[in-house]
>>> print(open('run-v2.cif').read())   # mmCIF, C-alpha atoms
data_work
#
loop_
_atom_site.group_PDB
_atom_site.id
_atom_site.type_symbol
_atom_site.label_atom_id
_atom_site.label_comp_id
_atom_site.auth_asym_id
_atom_site.auth_seq_id
_atom_site.Cartn_x
_atom_site.Cartn_y
_atom_site.Cartn_z
ATOM 1 C CA MET A 30 0.000 0.000 0.000
ATOM 2 C CA LYS A 31 1.352 3.406 -0.979
ATOM 3 C CA ASP A 32 1.674 6.291 1.425
ATOM 4 C CA LEU A 33 -1.072 8.792 0.948
ATOM 5 C CA PRO A 34 -0.137 12.458 0.525
ATOM 6 C CA LYS A 35 -0.269 14.587 3.642
ATOM 7 C CA LEU A 36 -3.137 16.979 3.958
ATOM 8 C CA TYR A 37 -2.490 20.658 3.677
ATOM 9 C CA LYS A 38 -2.162 22.302 7.050
ATOM 10 C CA ASN A 39 -2.004 26.031 7.394
ATOM 11 C CA GLU A 40 1.097 26.987 9.336
ATOM 12 C CA ASN A 41 -0.490 30.233 10.552
ATOM 13 C CA SER A 42 -3.053 28.606 12.752
ATOM 14 C CA ILE A 43 -3.276 31.172 15.531
ATOM 15 C CA ILE A 44 -6.173 30.647 17.874
ATOM 16 C CA THR A 45 -8.228 33.749 18.354
ATOM 17 C CA ASP A 46 -10.849 34.158 21.034
ATOM 18 C CA ASN A 47 -13.057 36.614 19.205
ATOM 19 C CA ASN A 48 -16.193 34.974 20.495
ATOM 20 C CA LYS A 49 -15.194 35.632 24.076
ATOM 21 C CA LYS A 50 -14.610 39.329 23.607
ATOM 22 C CA VAL A 51 -18.043 40.833 23.180
ATOM 23 C CA CYS A 52 -18.719 44.460 23.910
ATOM 24 C CA TYR A 53 -21.958 45.631 25.493
ATOM 25 C CA LEU A 54 -21.517 49.385 25.130
ATOM 26 C CA GLU A 55 -25.174 50.188 24.744
ATOM 27 C CA LYS A 56 -26.084 48.572 28.054
ATOM 28 C CA GLU A 57 -23.175 50.311 29.748
ATOM 29 C CA GLN A 58 -24.231 53.664 28.326
ATOM 30 C CA LYS A 59 -27.785 53.198 29.585
ATOM 31 C CA LYS A 60 -26.415 52.301 32.997
ATOM 32 C CA LEU A 61 -24.223 55.428 33.061
ATOM 33 C CA VAL A 62 -27.120 57.634 31.971
ATOM 34 C CA MET A 63 -29.371 56.226 34.692
ATOM 35 C CA GLU A 64 -26.641 56.660 37.309
ATOM 36 C CA GLU A 65 -26.139 60.285 36.297
ATOM 37 C CA LEU A 66 -29.887 60.969 36.353
ATOM 38 C CA ASN A 67 -30.236 59.368 39.773
ATOM 39 C CA SER A 68 -27.264 61.359 41.018
ATOM 40 C CA ILE A 69 -28.787 64.608 39.790
ATOM 41 C CA PHE A 70 -32.132 63.965 41.426
ATOM 42 C CA ASN A 71 -30.679 62.526 44.650
ATOM 43 C CA ASP A 72 -28.550 65.649 45.059
ATOM 44 C CA LEU A 73 -31.632 67.700 44.405
ATOM 45 C CA ASN A 74 -33.551 65.977 47.204
ATOM 46 C CA THR A 75 -30.751 66.192 49.774
ATOM 47 C CA GLN A 76 -29.837 69.827 49.162
ATOM 48 C CA ASN A 77 -33.358 71.214 48.693
ATOM 49 C CA ILE A 78 -32.382 73.109 45.583
ATOM 50 C CA ASN A 79 -34.954 74.413 43.159
ATOM 51 C CA ASN A 80 -36.040 72.014 40.426
ATOM 52 C CA ASN A 81 -34.199 73.915 37.736
ATOM 53 C CA ILE A 82 -31.172 71.712 36.983
ATOM 54 C CA LYS A 83 -29.066 72.810 34.017
ATOM 55 C CA VAL A 84 -27.836 69.893 31.915
ATOM 56 C CA PHE A 85 -26.408 68.983 28.543
ATOM 57 C CA ILE A 86 -28.272 66.065 26.981
ATOM 58 C CA LYS A 87 -27.290 64.257 23.809
ATOM 59 C CA THR A 88 -29.872 61.936 22.286
ATOM 60 C CA LYS A 89 -29.833 59.765 19.190
ATOM 61 C CA LYS A 90 -31.270 62.596 17.105
ATOM 62 C CA LYS A 91 -30.543 65.901 18.832
ATOM 63 C CA SER A 92 -28.511 67.710 21.502
ATOM 64 C CA TYR A 93 -30.054 69.886 24.205
ATOM 65 C CA GLU A 94 -28.648 72.431 26.595
ATOM 66 C CA THR A 95 -31.583 73.000 28.892
ATOM 67 C CA SER A 96 -32.895 72.585 32.414
ATOM 68 C CA ILE A 97 -34.608 69.498 33.775
ATOM 69 C CA ILE A 98 -37.816 70.016 35.690
ATOM 70 C CA ILE A 99 -39.221 66.513 36.246
ATOM 71 C CA LYS A 100 -38.093 62.934 35.701
ATOM 72 C CA THR A 101 -40.751 60.297 35.139
ATOM 73 C CA LYS A 102 -40.207 56.577 34.647
ATOM 74 C CA LYS A 103 -39.808 56.930 30.885
ATOM 75 C CA ASP A 104 -39.227 60.619 30.165
ATOM 76 C CA ILE A 105 -37.485 63.771 31.250
ATOM 77 C CA ILE A 106 -39.432 66.995 31.023
ATOM 78 C CA THR A 107 -37.436 70.152 30.398
ATOM 79 C CA ILE A 108 -38.118 73.789 31.187
ATOM 80 C CA ASP A 109 -38.917 74.284 27.482
ATOM 81 C CA ASP A 110 -41.798 71.801 27.890
ATOM 82 C CA GLU A 111 -40.067 69.115 25.837
ATOM 83 C CA ARG A 112 -40.348 65.412 26.628
ATOM 84 C CA ILE A 113 -37.106 63.519 26.143
ATOM 85 C CA PRO A 114 -37.418 59.733 26.356
ATOM 86 C CA ILE A 115 -34.786 58.333 28.724
ATOM 87 C CA GLU A 116 -34.112 55.392 26.413
ATOM 88 C CA ASP A 117 -33.037 57.819 23.646
ATOM 89 C CA ILE A 118 -30.430 59.567 25.818
ATOM 90 C CA VAL A 119 -26.874 58.715 24.847
ATOM 91 C CA TYR A 120 -25.076 61.181 27.154
ATOM 92 C CA ILE A 121 -26.070 63.508 29.975
ATOM 93 C CA LYS A 122 -23.947 65.887 32.041
ATOM 94 C CA ARG A 123 -24.842 68.471 34.656
ATOM 95 C CA ILE A 124 -23.741 72.042 33.873
ATOM 96 C CA SER A 125 -22.625 74.120 36.813
#
>>> encode(input="run-v2.cif", output="structure tokens")
Amino acid sequence: MKDLPKLYKNENSIITDNNKKVCYLEKEQKKLVMEELNSIFNDLNTQNINNNIKVFIKTKKKSYETSIIIKTKKDIITIDDERIPIEDIVYIKRIS
């Protein structure tokens, strides 16, 4: 019986763990936004400041530089009488 030819084997067989490195940025962003909102409103309750909190808000569609009046479960209501859905907020920062 003759020897069969060897199968081709790629010499550059580096194992990569791409499946293990998954990034969940969207969930992290939502968590950071909620933490910042809670921080703003917790500070408001402890310091008895007026409900006129100046913030910079960046959403998926638009950026706002306004003041927050009320936070509901799903929305933020600004002094300009705009409703901003919390799930659309990408970034929020308090302005001093």
>>> resolve_selection(input="run-v2.cif", expression="the PyMOL selection byres ((chain A and resi 59) around 9)", output="NGL selection string")
:A and (54-58 or 60-64 or 115-116 or 118-120)
>>> atom_distance(input="run-v2.cif", atom1="CA of Ile124 (chain A)", atom2="CA of Ile82 (chain A)")
8.1 Å
>>> residues_near_point(input="run-v2.cif", point="(-38.1, 60.5, 32.2)", cutoff="12 Å", atoms="all atoms listed in the file", output="number ranges by chain")
A: 62-63, 66-67, 70, 97-107, 111-118
>>> resolve_selection(input="run-v2.cif", expression="the PyMOL selection byres ((chain A and resi 87) around 7)", output="number ranges by chain")
A: 85-86, 88-89, 91-93, 118-121
>>> atom_distance(input="run-v2.cif", atom1="CA of Arg123 (chain A)", atom2="CA of Asp110 (chain A)")
18.6 Å
>>> closest_residue(input="run-v2.cif", among="A:Asn81, A:Asn71, A:Asp32, A:Ser96", to="Lys122 (chain A)", atoms="all atoms listed in the file")
A:Ser96
